[in-house]
Amino acid sequence: MKNSKFYPWVVVGLLWVVALLNYMDRQMLSTMQEAMKADIVELNKAEAFGALMAVFLWIYGFLSPVAGMVADRMSRKWLVVGSLFVWSFVTWMMGYADTFHQLYWLRAVMGVSEALYIPSALSLIADWHPGKSRSLAIGIHMTGLYVGQAVGGFGATIAAMFSWHSTFHWFGIIGVVYSLVLMLLLHENPNHGIRAEKLAEGPKEKKPSLFAGLGVLFSTWAFWIILFYFAAPSLPGWAIKNWSPTLFSESLGIPMSQAGPISTITIAVSSFIGVIIGGIMSDRWVQRNLRGRVYTGAIGLGLMIPALLLLGFGHSLIAVVGSGLLFGIGYGMFDTNNMPILCQFVSAKYRGTAYGLMNMTGVFAGAAVTQVLGKWTDGGNLGLGFAMLSIFVLVAVSLQLYFLRPKTDNMV
C-alpha cells in the first residue's frame, strides 16, 4: 500500500484521526471543571484548575525538543503509535482518579506521551509531501486537532449525561484501540530510513551526536525569528484552548455545558476553514513568490489581532462568536504554514529537532499564559487578558515580514 501514489494522502488521513484524539483527550478536561469539582474539591479554585492544565504544558514543552531529536533518528511510525497508546491509556485511567494529586500526575504523564507526537507526525507528513501539496497536507492534518478540540468541548455535556468518570474511560479506550489499527496501516517514508542507514554505515563520515542539530539550528539567525514567530501567537492559541469555554460562559452568561461546545465548535470550524484557505493559498503563492508562505502566515496573524480585542471586550453573542470565528480563520492560516516555512530554512535532517524546539517555546508560552489567566479569572479580568495578547501577535507579524526572506522552498 505504501507504494501507491495515493499513500501520502493515506498517511494524512491516518494521522488526522490521531490528531483528533490528541486534542480531544487533552481538551475535554478544560470543560469538565464543573462536573469534577463536586468530587475533587481543589478544582473549585480557578488557579488550581489552571495549575492542572499547566503541568501538562510544562512537561510537554520540556520534552518536545528531545522528541524532535529522537524523531530525526528513529522510526516516526513507532513514536506515533507508542505515544497514542500511552496518552489514551492515561485518559482511561483518569476516570479512576479520586484526588487532585492523582489527576495532576496523570496529566504530567500525558504531557510526556503527547510530546512525542507532533514533531514525528509533521516531519513524517513533510517527507511524504515534498512538493506542491505540503501546506495543504499539513493543514488538513491540523484540522484533526481542531475537530478534536471541538469534540473535547462536549466533555462537560457528556459528563452531565453520564459521569465524568465514564467520559474519560470511553475516550481513552477509543485511542488504545486505534493505536493497534495504526500499527498495521502506518508506514515510515523510505527516504527517512535511507538517511539513517547512510549515517550508520558511513565509515569515513563521523556520525553526528544527538545534539548536533541544536548547533546547526541555533547558528541560523532565521530560526530565532521563527521561534518567536511561533511562540507569540501560541500565547492566545493556548489561551483559547484552555480558557475559551470559561470566557464564553462569563461573557454570555451561560452554563459551561453550553459554553464548552459553542466555544470549541466556533474555533474548530473557523480554524478548519483557515487551514484549507491558508494551505491552498500558500501552495499556489509560493510557486510565484518564495515569500508566499510567509505572507500567508502574516495575513493569518493580522486577522487574529482585531479578533482578540473583540473577544476580550465583547459581551453579545454576535461579538463573541464572531470574534471567535475571525480568530479561528486567522490561526488556521498561521498554523498550516509553520512547518512549510520551517522547511524553507531548515534541512530535512533537522526538522524534527527544529519543530520540537518550536513546540517547546510555544508550549512554555502557553503554560505561562494558562496560569496567569487562571489568576486573572479569579480577579474577574479574563477578557482584558485576552485583549492584551494581541500586542504579542502584532510584534510577531512585524518581525516575520521584515526578517523572513527564504531562498528556497525546500532546504536540503
# chains A, B, ... in the order shown; residues from 1 in each chain; ligands from 1

$ closest_atom_pairs --of "stretch 59-150 of chain A" --to "stretch 391-412 of chain A" --cutoff "10 Å" --atoms "only C-alpha atoms" --output "JSON lines"
{"residue": "A:Pro130", "atom": "CA", "partner": "A:Asn410", "partner_atom": "CA", "distance": 7.7}
{"residue": "A:Gly131", "atom": "CA", "partner": "A:Asn410", "partner_atom": "CA", "distance": 8.3}
{"residue": "A:Lys132", "atom": "CA", "partner": "A:Asp409", "partner_atom": "CA", "distance": 9.7}

$ select_by_dssp --residues "stretch 17-200 of chain A" --states "helix (DSSP H, G or I)" --output "ChimeraX atom specification"
/A:17-31,33-36,41-44,46-71,76-94,100-115,117-128,134-152,155-161,164-185,190-200

$ closest_atom_pairs --of "stretch 105-207 of chain A" --to "stretch 32-41 of chain A" --cutoff "10 Å" --atoms "only C-alpha atoms" --output "Markdown table"
| residue | atom | partner | partner_atom | distance |
| --- | --- | --- | --- | --- |
| A:Gly152 | CA | A:Met32 | CA | 9.7 |
| A:Gly153 | CA | A:Met32 | CA | 8.9 |
| A:Phe154 | CA | A:Met32 | CA | 9.0 |
| A:Gly155 | CA | A:Met32 | CA | 6.2 |
| A:Ala156 | CA | A:Met32 | CA | 4.8 |
| A:Thr157 | CA | A:Met32 | CA | 8.6 |
| A:Ile158 | CA | A:Met32 | CA | 9.4 |
| A:Ala159 | CA | A:Ala35 | CA | 6.7 |
| A:Ala160 | CA | A:Ala35 | CA | 7.0 |
| A:Ser163 | CA | A:Ala35 | CA | 7.8 |
| A:Trp164 | CA | A:Ala35 | CA | 6.5 |
| A:His165 | CA | A:Met36 | CA | 8.9 |
| A:Thr167 | CA | A:Met32 | CA | 9.9 |

$ write_last_selection --atoms "N, CA, C and O atoms" --output "PDB file, in the first residue's frame"
ATOM      1  N   GLY A 152     -13.733  17.519  22.130  1.00  0.00           N
ATOM      2  CA  GLY A 152     -13.397  17.625  23.547  1.00  0.00           C
ATOM      3  C   GLY A 152     -14.267  18.619  24.275  1.00  0.00           C
ATOM      4  O   GLY A 152     -14.504  18.497  25.480  1.00  0.00           O
ATOM      5  N   GLY A 153     -14.771  19.625  23.531  1.00  0.00           N
ATOM      6  CA  GLY A 153     -15.655  20.611  24.133  1.00  0.00           C
ATOM      7  C   GLY A 153     -16.968  20.034  24.620  1.00  0.00           C
ATOM      8  O   GLY A 153     -17.665  20.663  25.418  1.00  0.00           O
ATOM      9  N   PHE A 154     -17.304  18.836  24.134  1.00  0.00           N
ATOM     10  CA  PHE A 154     -18.528  18.177  24.587  1.00  0.00           C
ATOM     11  C   PHE A 154     -18.296  17.358  25.854  1.00  0.00           C
ATOM     12  O   PHE A 154     -19.187  16.645  26.299  1.00  0.00           O
ATOM     13  N   GLY A 155     -17.060  17.443  26.405  1.00  0.00           N
ATOM     14  CA  GLY A 155     -16.771  16.690  27.618  1.00  0.00           C
ATOM     15  C   GLY A 155     -17.755  16.988  28.731  1.00  0.00           C
ATOM     16  O   GLY A 155     -18.281  16.080  29.392  1.00  0.00           O
ATOM     17  N   ALA A 156     -18.037  18.292  28.942  1.00  0.00           N
ATOM     18  CA  ALA A 156     -18.975  18.672  30.009  1.00  0.00           C
ATOM     19  C   ALA A 156     -20.377  18.171  29.710  1.00  0.00           C
ATOM     20  O   ALA A 156     -21.112  17.757  30.621  1.00  0.00           O
ATOM     21  N   THR A 157     -20.756  18.199  28.425  1.00  0.00           N
ATOM     22  CA  THR A 157     -22.094  17.740  28.043  1.00  0.00           C
ATOM     23  C   THR A 157     -22.253  16.249  28.293  1.00  0.00           C
ATOM     24  O   THR A 157     -23.268  15.791  28.840  1.00  0.00           O
ATOM     25  N   ILE A 158     -21.240  15.480  27.881  1.00  0.00           N
ATOM     26  CA  ILE A 158     -21.290  14.023  28.088  1.00  0.00           C
ATOM     27  C   ILE A 158     -21.233  13.701  29.576  1.00  0.00           C
ATOM     28  O   ILE A 158     -21.942  12.802  30.063  1.00  0.00           O
ATOM     29  N   ALA A 159     -20.385  14.448  30.300  1.00  0.00           N
ATOM     30  CA  ALA A 159     -20.290  14.216  31.738  1.00  0.00           C
ATOM     31  C   ALA A 159     -21.620  14.505  32.440  1.00  0.00           C
ATOM     32  O   ALA A 159     -21.986  13.835  33.410  1.00  0.00           O
ATOM     33  N   ALA A 160     -22.353  15.507  31.942  1.00  0.00           N
ATOM     34  CA  ALA A 160     -23.661  15.826  32.529  1.00  0.00           C
ATOM     35  C   ALA A 160     -24.673  14.723  32.247  1.00  0.00           C
ATOM     36  O   ALA A 160     -25.562  14.460  33.066  1.00  0.00           O
ATOM     37  N   SER A 163     -21.316  10.537  33.445  1.00  0.00           N
ATOM     38  CA  SER A 163     -20.449  10.978  34.538  1.00  0.00           C
ATOM     39  C   SER A 163     -19.095  11.321  33.943  1.00  0.00           C
ATOM     40  O   SER A 163     -18.757  10.870  32.843  1.00  0.00           O
ATOM     41  N   TRP A 164     -18.324  12.138  34.670  1.00  0.00           N
ATOM     42  CA  TRP A 164     -17.006  12.487  34.145  1.00  0.00           C
ATOM     43  C   TRP A 164     -16.088  11.272  34.135  1.00  0.00           C
ATOM     44  O   TRP A 164     -15.186  11.183  33.291  1.00  0.00           O
ATOM     45  N   HIS A 165     -16.328  10.314  35.033  1.00  0.00           N
ATOM     46  CA  HIS A 165     -15.522   9.090  35.040  1.00  0.00           C
ATOM     47  C   HIS A 165     -15.723   8.304  33.737  1.00  0.00           C
ATOM     48  O   HIS A 165     -14.750   7.890  33.097  1.00  0.00           O
ATOM     49  N   THR A 167     -16.770   9.398  30.891  1.00  0.00           N
ATOM     50  CA  THR A 167     -16.270  10.169  29.744  1.00  0.00           C
ATOM     51  C   THR A 167     -14.794   9.881  29.515  1.00  0.00           C
ATOM     52  O   THR A 167     -14.360   9.613  28.383  1.00  0.00           O
TER      53      THR A 167
END

$ residues_around --residues "A:Ile59" --least-positions-apart "5" --cutoff "12 Å" --atoms "only C-alpha atoms" --output "list in words"
Leu52, Met53, Ala54, Ser64, Pro65, Val66, Ala67, Tyr104, Trp105, Leu106, Arg107, Ala108, Val109, Met110, Gly111, Val112, Ser113, Glu114, Ala115, Leu116, Asn359, Met360, Val363, Phe364, Gly366 and Ala367 of chain A

$ closest_residue --among "A:Leu317, A:Met28, A:Leu301, A:Leu309" --to "A:Met256" --atoms "only C-alpha atoms"
A:Met28
